[in-house]
Amino acid sequence: MTLLPRDRQVRAGALLTVLVVLVAVLGPVAAPYAADELVGPAYGAPAPGAPLGYDYLGADVLSRVLLGGRSLVLTTVCAAVLALLAGATIGMLAAWTGRLADRAVLWCADVLLAFPHLVLVLLAVSMLGRSRPLVVATVAVTLLPGTVRLARSLTLGVMRQEYVEAARLLGYPRRRILFREILPNVTTPLLVHLGAMLTWSAGLIAAMSFLGYGVAAPAADWGLMVNENHGGLRIQPWAVLVPVALIALFALGVNTLAEGLGRTVARVEEER
Amino acid sequence: MSRPATGGRGRWLLRRVAYGATAVWATSVVVFAATQALPSDPAMAILGGDATPESLARLRLDLGLDRPLWQRYLDWLGGVLTGDLGRSLDSGTDVATLLGGRIANSLALLLLALSVAVALALALGLFAALRRGGLADRVVTSTAVSLQAVPGFVVAVALIVLLATTVWPVLPAASLLEPGLSPFAQLHYLVLPALTLVVAETPYLLRQVRSSVVEALESDYATAARLRGVPERRVIWRHALPNGLVPAVQATALTTGVLLGGSLVVEVAFSYPGLGGALNAAVGARDIPVIQAAALLIAGGVVVVNLLADLVTVLLTPRLRTGES
């Protein structure tokens, strides 16, 4: 715990992440207008009362920026956590059961890995619709194979340790070994992996919105704003630049934090 | 170490190819299942609520909805194997003709981006590895870490603003390729999309190269070579670099999927007429035959590239070449 604030990379990443999340979460309270309120000229330049100008329909860009982060942050976190829980469970059970189940799980993971994440999400969302739970579930499924493989190999590593062998020889129930001996020893690397997944999940969900298959207009969303105002880049760049910058900062912050935590964990293990 | 008979290697090769083949087959099942998973009547979903009963009936016949699912799958698979990808529901053109030119465009873009990215990653990775721990290494590595996190379309927008519309407008913001002309003959349209992919692809590769070269430089055999009086230059070129290349090949293959997914977004951002753009448009129009063909091509491509990378890795690594695990 005392390690946390000391690493400079961890601190910078945490600061960036917290800032963007604050904009996303508290933004809706501060937004002067509603997302679909048309208050100015289309692609209107910044003016008093509208420091970022107006978008392609004439809505206030600042309001849409403040309103449009919540969906990204929320879906990103939900998808990554869901992928972690499901992936860890499947991976650990596969390693634990071994044999046929293990090979079947690996093969399925390989097949899913053949699809670029975006293609898989696009396939699912185009056919089944763009409801929020569905986007979360499909993004989680695309992140699943990597998590399953990681959890499986970590579990296999721990299972070879003497203390697990000892617990087995002592006749401890399987469930106890799995939860008391194996789970605590695979948690840390899996949490570091969660950081990486958050970055991917943010990129995927923002990309889906950018392609127009995420949050539906007239609701506000950073990725969707880039899609909508892309055509007016020459006249009103702010409507694209501000949401793009926020998406970049969010991904960057989460990634820096995750990389820093990963390094800290590795250092601690080395010192042990 | 006794060297097993060459049969071990042949059998390994056969097993690996068979595994790849089953994976390609499984992707076809996934693609077909995904495009048949429409919750309600597919014809209704495609044409919308205000379609006439006649057009609905015609589309149902076109989609073969009167036949059972497995039969439709087998028909489709048979068509794919004989090169018949069906007709686009949107434009009525043959899917193979529709996608043919676009596949070539995408391949041109990917090859250009990949070759630049690999060359850059090797140069910068080696550079950073040789100065490991120093300022130059830290700058290169932390830049790579930061760029790695940024989504592709964000890079695309940044490059458009920088080089196409606002800051220094020298390149076209949209890649409106002249059909019938080779993409390489209109290189100015390729620069920005390729650059976006390079920015997205290089950081990961660079870090792989750096860490494996560092590992090789600090290995026992490198130390032994230095103790024998082998000059450092020779240690680098003969020992460190070849060992740094193997993981780079694997990493390149592993990121093909990422690159193909990334190219989809990039093609849309630059209106580049490629396979990813076609898939995106087809998804928008619910043009099932085009979606199926494009998704299968992309996923099948990833499997084949990974297979090739495994073969190359085995050929490059003496230890693995003997077939021992």
# chains A, B, ... in the order shown; residues from 1 in each chain; ligands from 1
$ closest_atom_pairs --of "chain B" --to "chain A" --cutoff "7 Å" --atoms "only C-alpha atoms" --output "CSV"
residue,atom,partner,partner_atom,distance
B:Ala23,CA,A:Val111,CA,5.5
B:Ala26,CA,A:Val111,CA,6.5
B:Thr27,CA,A:Val111,CA,6.3
B:Ala34,CA,A:Ala124,CA,6.4
B:Thr35,CA,A:Met127,CA,6.5
B:Ala37,CA,A:Met127,CA,6.6
B:Leu38,CA,A:Met127,CA,5.5
B:Pro39,CA,A:Leu128,CA,6.7
B:Ser146,CA,A:Leu252,CA,6.1
B:Ala149,CA,A:Leu252,CA,5.4
B:Val150,CA,A:Ala248,CA,5.5
B:Pro151,CA,A:Gly203,CA,5.0
B:Phe153,CA,A:Ala207,CA,6.9
B:Val154,CA,A:Val244,CA,5.9
B:Thr165,CA,A:Arg234,CA,5.9
B:Thr166,CA,A:Arg234,CA,6.6
B:Gly257,CA,A:Pro116,CA,4.8
B:Val258,CA,A:Pro116,CA,5.8
B:Leu260,CA,A:Pro116,CA,6.6
B:Gly261,CA,A:Pro116,CA,4.9
B:Val283,CA,A:Ser126,CA,5.8
B:Ala295,CA,A:Val119,CA,6.9
B:Ala299,CA,A:Phe115,CA,4.9
B:Val302,CA,A:Ala114,CA,5.5
B:Val303,CA,A:Ala114,CA,5.7
$ residues_around --residues "range 202-208 of chain B" --least-positions-apart "2" --cutoff "6 Å" --atoms "only C-alpha atoms" --output "number ranges by chain"
B: 117, 121, 125, 144, 148, 198-199, 210-211
$ write_last_selection --atoms "N, CA and C atoms" --output "PDB file, in the first residue's frame"
ATOM      1  N   ALA B 117       6.516  -0.136 -40.409  1.00  0.00           N
ATOM      2  CA  ALA B 117       6.460  -0.347 -38.963  1.00  0.00           C
ATOM      3  C   ALA B 117       7.542  -1.319 -38.502  1.00  0.00           C
ATOM      4  N   ALA B 121      10.484  -0.386 -36.063  1.00  0.00           N
ATOM      5  CA  ALA B 121      10.539  -1.077 -34.780  1.00  0.00           C
ATOM      6  C   ALA B 121      11.916  -1.709 -34.581  1.00  0.00           C
ATOM      7  N   GLY B 125      14.028  -0.224 -31.746  1.00  0.00           N
ATOM      8  CA  GLY B 125      14.152  -1.217 -30.685  1.00  0.00           C
ATOM      9  C   GLY B 125      15.605  -1.533 -30.401  1.00  0.00           C
ATOM     10  N   ALA B 144       6.672   5.062 -26.738  1.00  0.00           N
ATOM     11  CA  ALA B 144       6.000   3.870 -27.265  1.00  0.00           C
ATOM     12  C   ALA B 144       4.842   3.461 -26.354  1.00  0.00           C
ATOM     13  N   GLN B 148       0.971   3.482 -27.634  1.00  0.00           N
ATOM     14  CA  GLN B 148       0.312   2.180 -27.689  1.00  0.00           C
ATOM     15  C   GLN B 148      -1.124   2.253 -27.196  1.00  0.00           C
ATOM     16  N   VAL B 198       1.021   2.822 -38.941  1.00  0.00           N
ATOM     17  CA  VAL B 198       2.394   2.716 -38.446  1.00  0.00           C
ATOM     18  C   VAL B 198       2.455   3.193 -36.998  1.00  0.00           C
ATOM     19  N   VAL B 199       1.804   4.323 -36.719  1.00  0.00           N
ATOM     20  CA  VAL B 199       1.807   4.845 -35.349  1.00  0.00           C
ATOM     21  C   VAL B 199       1.139   3.857 -34.396  1.00  0.00           C
ATOM     22  N   ARG B 210      12.994  -4.544 -28.446  1.00  0.00           N
ATOM     23  CA  ARG B 210      13.883  -4.045 -27.410  1.00  0.00           C
ATOM     24  C   ARG B 210      14.092  -5.082 -26.313  1.00  0.00           C
ATOM     25  N   SER B 211      12.969  -5.626 -25.800  1.00  0.00           N
ATOM     26  CA  SER B 211      13.145  -6.518 -24.650  1.00  0.00           C
ATOM     27  C   SER B 211      13.860  -7.799 -25.052  1.00  0.00           C
TER      28      SER B 211
END
$ residues_around --residues "Val192 in chain A" --least-positions-apart "4" --cutoff "9 Å" --atoms "only C-alpha atoms" --output "list in words"
Thr187, Thr188, Ala196, Met197, Ala258, Glu259, Leu261, Gly262 and Val265 of chain A
$ write_last_selection --atoms "C-alpha atoms" --output "compact mmCIF listing (two decimals), in the first residue's frame"
# COMPACT_ATOMS: atom_id res chain seq x y z
CA THR A 187 -5.04 -12.46 -8.35
CA THR A 188 -2.24 -9.90 -8.67
CA ALA A 196 -4.50 -3.54 -19.97
CA MET A 197 -8.05 -4.69 -20.69
CA ALA A 258 -1.67 -0.18 -15.56
CA GLU A 259 1.91 -0.25 -16.86
CA LEU A 261 1.29 -0.92 -11.42
CA GLY A 262 2.57 -3.88 -13.41
CA VAL A 265 4.28 -5.53 -8.79
$ atom_distance --atom1 "CA of Leu66 in chain A" --atom2 "CA of Ala12 in chain A"
22.7 Å
$ closest_residue --among "A:Val164, A:Ile90, A:Ala216, A:Val121" --to "Val31 in chain B" --atoms "only C-alpha atoms"
A:Val121
$ residues_around --residues "range 168-183 of chain B" --least-positions-apart "4" --cutoff "10 Å" --atoms "only C-alpha atoms" --output "ChimeraX atom specification"
/B:101-102,104-109,156-157,159-164,187-193,267-274
$ write_last_selection --atoms "N, CA and C atoms" --output "tab-separated table (two decimals), in the first residue's frame"
chain	number	residue	atom	x	y	z
B	101	GLY	N	-11.27	-5.74	-55.81
B	101	GLY	CA	-10.42	-4.55	-55.87
B	101	GLY	C	-10.12	-4.01	-54.49
B	102	ARG	N	-11.11	-4.13	-53.60
B	102	ARG	CA	-10.92	-3.61	-52.25
B	102	ARG	C	-9.90	-4.42	-51.47
B	104	ALA	N	-7.31	-5.84	-52.77
B	104	ALA	CA	-6.01	-5.37	-53.26
B	104	ALA	C	-5.64	-4.05	-52.60
B	105	ASN	N	-6.60	-3.13	-52.49
B	105	ASN	CA	-6.33	-1.84	-51.85
B	105	ASN	C	-5.90	-2.02	-50.40
B	106	SER	N	-6.64	-2.91	-49.68
B	106	SER	CA	-6.30	-3.13	-48.27
B	106	SER	C	-4.92	-3.75	-48.13
B	107	LEU	N	-4.62	-4.73	-49.00
B	107	LEU	CA	-3.32	-5.38	-48.92
B	107	LEU	C	-2.20	-4.36	-49.17
B	108	ALA	N	-2.41	-3.47	-50.15
B	108	ALA	CA	-1.40	-2.45	-50.44
B	108	ALA	C	-1.16	-1.60	-49.19
B	109	LEU	N	-2.25	-1.18	-48.57
B	109	LEU	CA	-2.14	-0.34	-47.37
B	109	LEU	C	-1.44	-1.08	-46.24
B	156	ALA	N	-5.82	8.92	-36.28
B	156	ALA	CA	-6.25	9.35	-37.61
B	156	ALA	C	-6.71	10.81	-37.57
B	157	VAL	N	-7.54	11.14	-36.60
B	157	VAL	CA	-8.04	12.52	-36.51
B	157	VAL	C	-6.89	13.49	-36.27
B	159	LEU	N	-3.76	13.16	-37.12
B	159	LEU	CA	-2.97	13.32	-38.34
B	159	LEU	C	-3.71	14.15	-39.38
B	160	ILE	N	-5.03	13.99	-39.46
B	160	ILE	CA	-5.81	14.79	-40.41
B	160	ILE	C	-5.69	16.27	-40.06
B	161	VAL	N	-5.84	16.56	-38.76
B	161	VAL	CA	-5.74	17.96	-38.34
B	161	VAL	C	-4.33	18.50	-38.60
B	162	LEU	N	-3.32	17.67	-38.31
B	162	LEU	CA	-1.94	18.12	-38.47
B	162	LEU	C	-1.54	18.28	-39.92
B	163	LEU	N	-1.87	17.29	-40.75
B	163	LEU	CA	-1.29	17.24	-42.10
B	163	LEU	C	-2.29	17.43	-43.23
B	164	ALA	N	-3.59	17.52	-42.92
B	164	ALA	CA	-4.54	17.61	-44.02
B	164	ALA	C	-5.44	18.84	-43.97
B	187	LEU	N	0.26	7.26	-54.48
B	187	LEU	CA	0.83	7.09	-53.15
B	187	LEU	C	0.40	8.19	-52.17
B	188	HIS	N	0.13	9.39	-52.69
B	188	HIS	CA	-0.21	10.47	-51.76
B	188	HIS	C	-1.51	10.16	-51.01
B	189	TYR	N	-2.37	9.29	-51.60
B	189	TYR	CA	-3.59	8.90	-50.89
B	189	TYR	C	-3.29	7.87	-49.80
B	190	LEU	N	-2.18	7.17	-49.94
B	190	LEU	CA	-1.86	6.10	-49.00
B	190	LEU	C	-1.12	6.59	-47.76
B	191	VAL	N	-0.49	7.78	-47.89
B	191	VAL	CA	0.44	8.20	-46.84
B	191	VAL	C	-0.25	8.31	-45.47
B	192	LEU	N	-1.33	9.08	-45.40
B	192	LEU	CA	-1.94	9.30	-44.08
B	192	LEU	C	-2.51	8.03	-43.47
B	193	PRO	N	-3.33	7.23	-44.21
B	193	PRO	CA	-3.80	5.98	-43.59
B	193	PRO	C	-2.66	5.07	-43.18
B	267	GLU	N	-9.63	2.88	-42.44
B	267	GLU	CA	-10.24	2.98	-43.76
B	267	GLU	C	-11.51	3.82	-43.71
B	268	VAL	N	-12.28	3.67	-42.62
B	268	VAL	CA	-13.49	4.48	-42.49
B	268	VAL	C	-13.12	5.95	-42.30
B	269	ALA	N	-12.11	6.20	-41.43
B	269	ALA	CA	-11.74	7.58	-41.12
B	269	ALA	C	-11.25	8.32	-42.36
B	270	PHE	N	-10.57	7.61	-43.27
B	270	PHE	CA	-10.02	8.27	-44.46
B	270	PHE	C	-10.85	7.97	-45.71
B	271	SER	N	-12.02	7.37	-45.56
B	271	SER	CA	-12.83	6.92	-46.70
B	271	SER	C	-12.00	6.13	-47.69
B	272	TYR	N	-11.11	5.30	-47.18
B	272	TYR	CA	-10.23	4.49	-48.04
B	272	TYR	C	-11.01	3.28	-48.53
B	273	PRO	N	-11.04	3.04	-49.84
B	273	PRO	CA	-11.87	1.95	-50.37
B	273	PRO	C	-11.23	0.58	-50.17
B	274	GLY	N	-11.24	0.06	-48.96
B	274	GLY	CA	-10.65	-1.24	-48.67
B	274	GLY	C	-11.66	-2.21	-48.11
$ decode --residues "range 173-192 of chain B" --atoms "N, CA, C and O atoms" --output "JSON list (two decimals), in the first residue's frame"
[["chain", "number", "residue", "atom", "x", "y", "z"],
["B", 173, "ALA", "N", -7.25, 14.67, -47.02],
["B", 173, "ALA", "CA", -7.87, 14.14, -45.81],
["B", 173, "ALA", "C", -8.66, 12.87, -46.12],
["B", 173, "ALA", "O", -8.89, 12.05, -45.25],
["B", 174, "ALA", "N", -9.11, 12.72, -47.37],
["B", 174, "ALA", "CA", -9.85, 11.53, -47.75],
["B", 174, "ALA", "C", -9.10, 10.83, -48.88],
["B", 174, "ALA", "O", -8.61, 11.48, -49.79],
["B", 175, "SER", "N", -9.01, 9.50, -48.76],
["B", 175, "SER", "CA", -8.25, 8.73, -49.76],
["B", 175, "SER", "C", -9.17, 8.25, -50.86],
["B", 175, "SER", "O", -9.58, 7.10, -50.90],
["B", 176, "LEU", "N", -9.52, 9.15, -51.77],
["B", 176, "LEU", "CA", -10.46, 8.79, -52.84],
["B", 176, "LEU", "C", -9.68, 8.17, -54.01],
["B", 176, "LEU", "O", -9.42, 8.81, -55.01],
["B", 177, "LEU", "N", -9.33, 6.92, -53.82],
["B", 177, "LEU", "CA", -8.50, 6.23, -54.82],
["B", 177, "LEU", "C", -9.22, 6.15, -56.15],
["B", 177, "LEU", "O", -10.42, 5.91, -56.22],
["B", 178, "GLU", "N", -8.44, 6.37, -57.22],
["B", 178, "GLU", "CA", -8.96, 6.20, -58.58],
["B", 178, "GLU", "C", -9.12, 4.71, -58.83],
["B", 178, "GLU", "O", -8.15, 3.97, -58.75],
["B", 179, "PRO", "N", -10.35, 4.22, -59.09],
["B", 179, "PRO", "CA", -10.47, 2.78, -59.34],
["B", 179, "PRO", "C", -9.76, 2.41, -60.65],
["B", 179, "PRO", "O", -9.71, 3.21, -61.58],
["B", 180, "GLY", "N", -9.20, 1.21, -60.68],
["B", 180, "GLY", "CA", -8.54, 0.76, -61.90],
["B", 180, "GLY", "C", -7.07, 1.14, -61.96],
["B", 180, "GLY", "O", -6.32, 0.66, -62.78],
["B", 181, "LEU", "N", -6.65, 2.03, -61.03],
["B", 181, "LEU", "CA", -5.25, 2.41, -60.97],
["B", 181, "LEU", "C", -4.64, 1.75, -59.74],
["B", 181, "LEU", "O", -5.31, 1.65, -58.72],
["B", 182, "SER", "N", -3.40, 1.30, -59.83],
["B", 182, "SER", "CA", -2.79, 0.67, -58.68],
["B", 182, "SER", "C", -2.67, 1.67, -57.53],
["B", 182, "SER", "O", -2.36, 2.83, -57.74],
["B", 183, "PRO", "N", -2.96, 1.21, -56.27],
["B", 183, "PRO", "CA", -2.85, 2.13, -55.14],
["B", 183, "PRO", "C", -1.45, 2.74, -55.03],
["B", 183, "PRO", "O", -1.29, 3.88, -54.61],
["B", 184, "PHE", "N", -0.45, 1.97, -55.44],
["B", 184, "PHE", "CA", 0.92, 2.48, -55.31],
["B", 184, "PHE", "C", 1.20, 3.60, -56.30],
["B", 184, "PHE", "O", 2.15, 4.35, -56.15],
["B", 185, "ALA", "N", 0.36, 3.69, -57.37],
["B", 185, "ALA", "CA", 0.54, 4.76, -58.34],
["B", 185, "ALA", "C", -0.06, 6.07, -57.82],
["B", 185, "ALA", "O", 0.13, 7.12, -58.40],
["B", 186, "GLN", "N", -0.81, 5.99, -56.73],
["B", 186, "GLN", "CA", -1.41, 7.20, -56.15],
["B", 186, "GLN", "C", -1.02, 7.26, -54.69],
["B", 186, "GLN", "O", -1.87, 7.32, -53.80],
["B", 187, "LEU", "N", 0.26, 7.26, -54.48],
["B", 187, "LEU", "CA", 0.83, 7.09, -53.15],
["B", 187, "LEU", "C", 0.40, 8.19, -52.17],
["B", 187, "LEU", "O", 0.27, 7.93, -50.97],
["B", 188, "HIS", "N", 0.13, 9.39, -52.69],
["B", 188, "HIS", "CA", -0.21, 10.47, -51.76],
["B", 188, "HIS", "C", -1.51, 10.16, -51.01],
["B", 188, "HIS", "O", -1.73, 10.68, -49.92],
["B", 189, "TYR", "N", -2.37, 9.29, -51.60],
["B", 189, "TYR", "CA", -3.59, 8.90, -50.89],
["B", 189, "TYR", "C", -3.29, 7.87, -49.80],
["B", 189, "TYR", "O", -4.09, 7.67, -48.90],
["B", 190, "LEU", "N", -2.18, 7.17, -49.94],
["B", 190, "LEU", "CA", -1.86, 6.10, -49.00],
["B", 190, "LEU", "C", -1.12, 6.59, -47.76],
["B", 190, "LEU", "O", -1.12, 5.92, -46.73],
["B", 191, "VAL", "N", -0.49, 7.78, -47.89],
["B", 191, "VAL", "CA", 0.44, 8.20, -46.84],
["B", 191, "VAL", "C", -0.25, 8.31, -45.47],
["B", 191, "VAL", "O", 0.19, 7.69, -44.51],
["B", 192, "LEU", "N", -1.33, 9.08, -45.40],
["B", 192, "LEU", "CA", -1.94, 9.30, -44.08],
["B", 192, "LEU", "C", -2.51, 8.03, -43.47],
["B", 192, "LEU", "O", -2.24, 7.74, -42.30]]
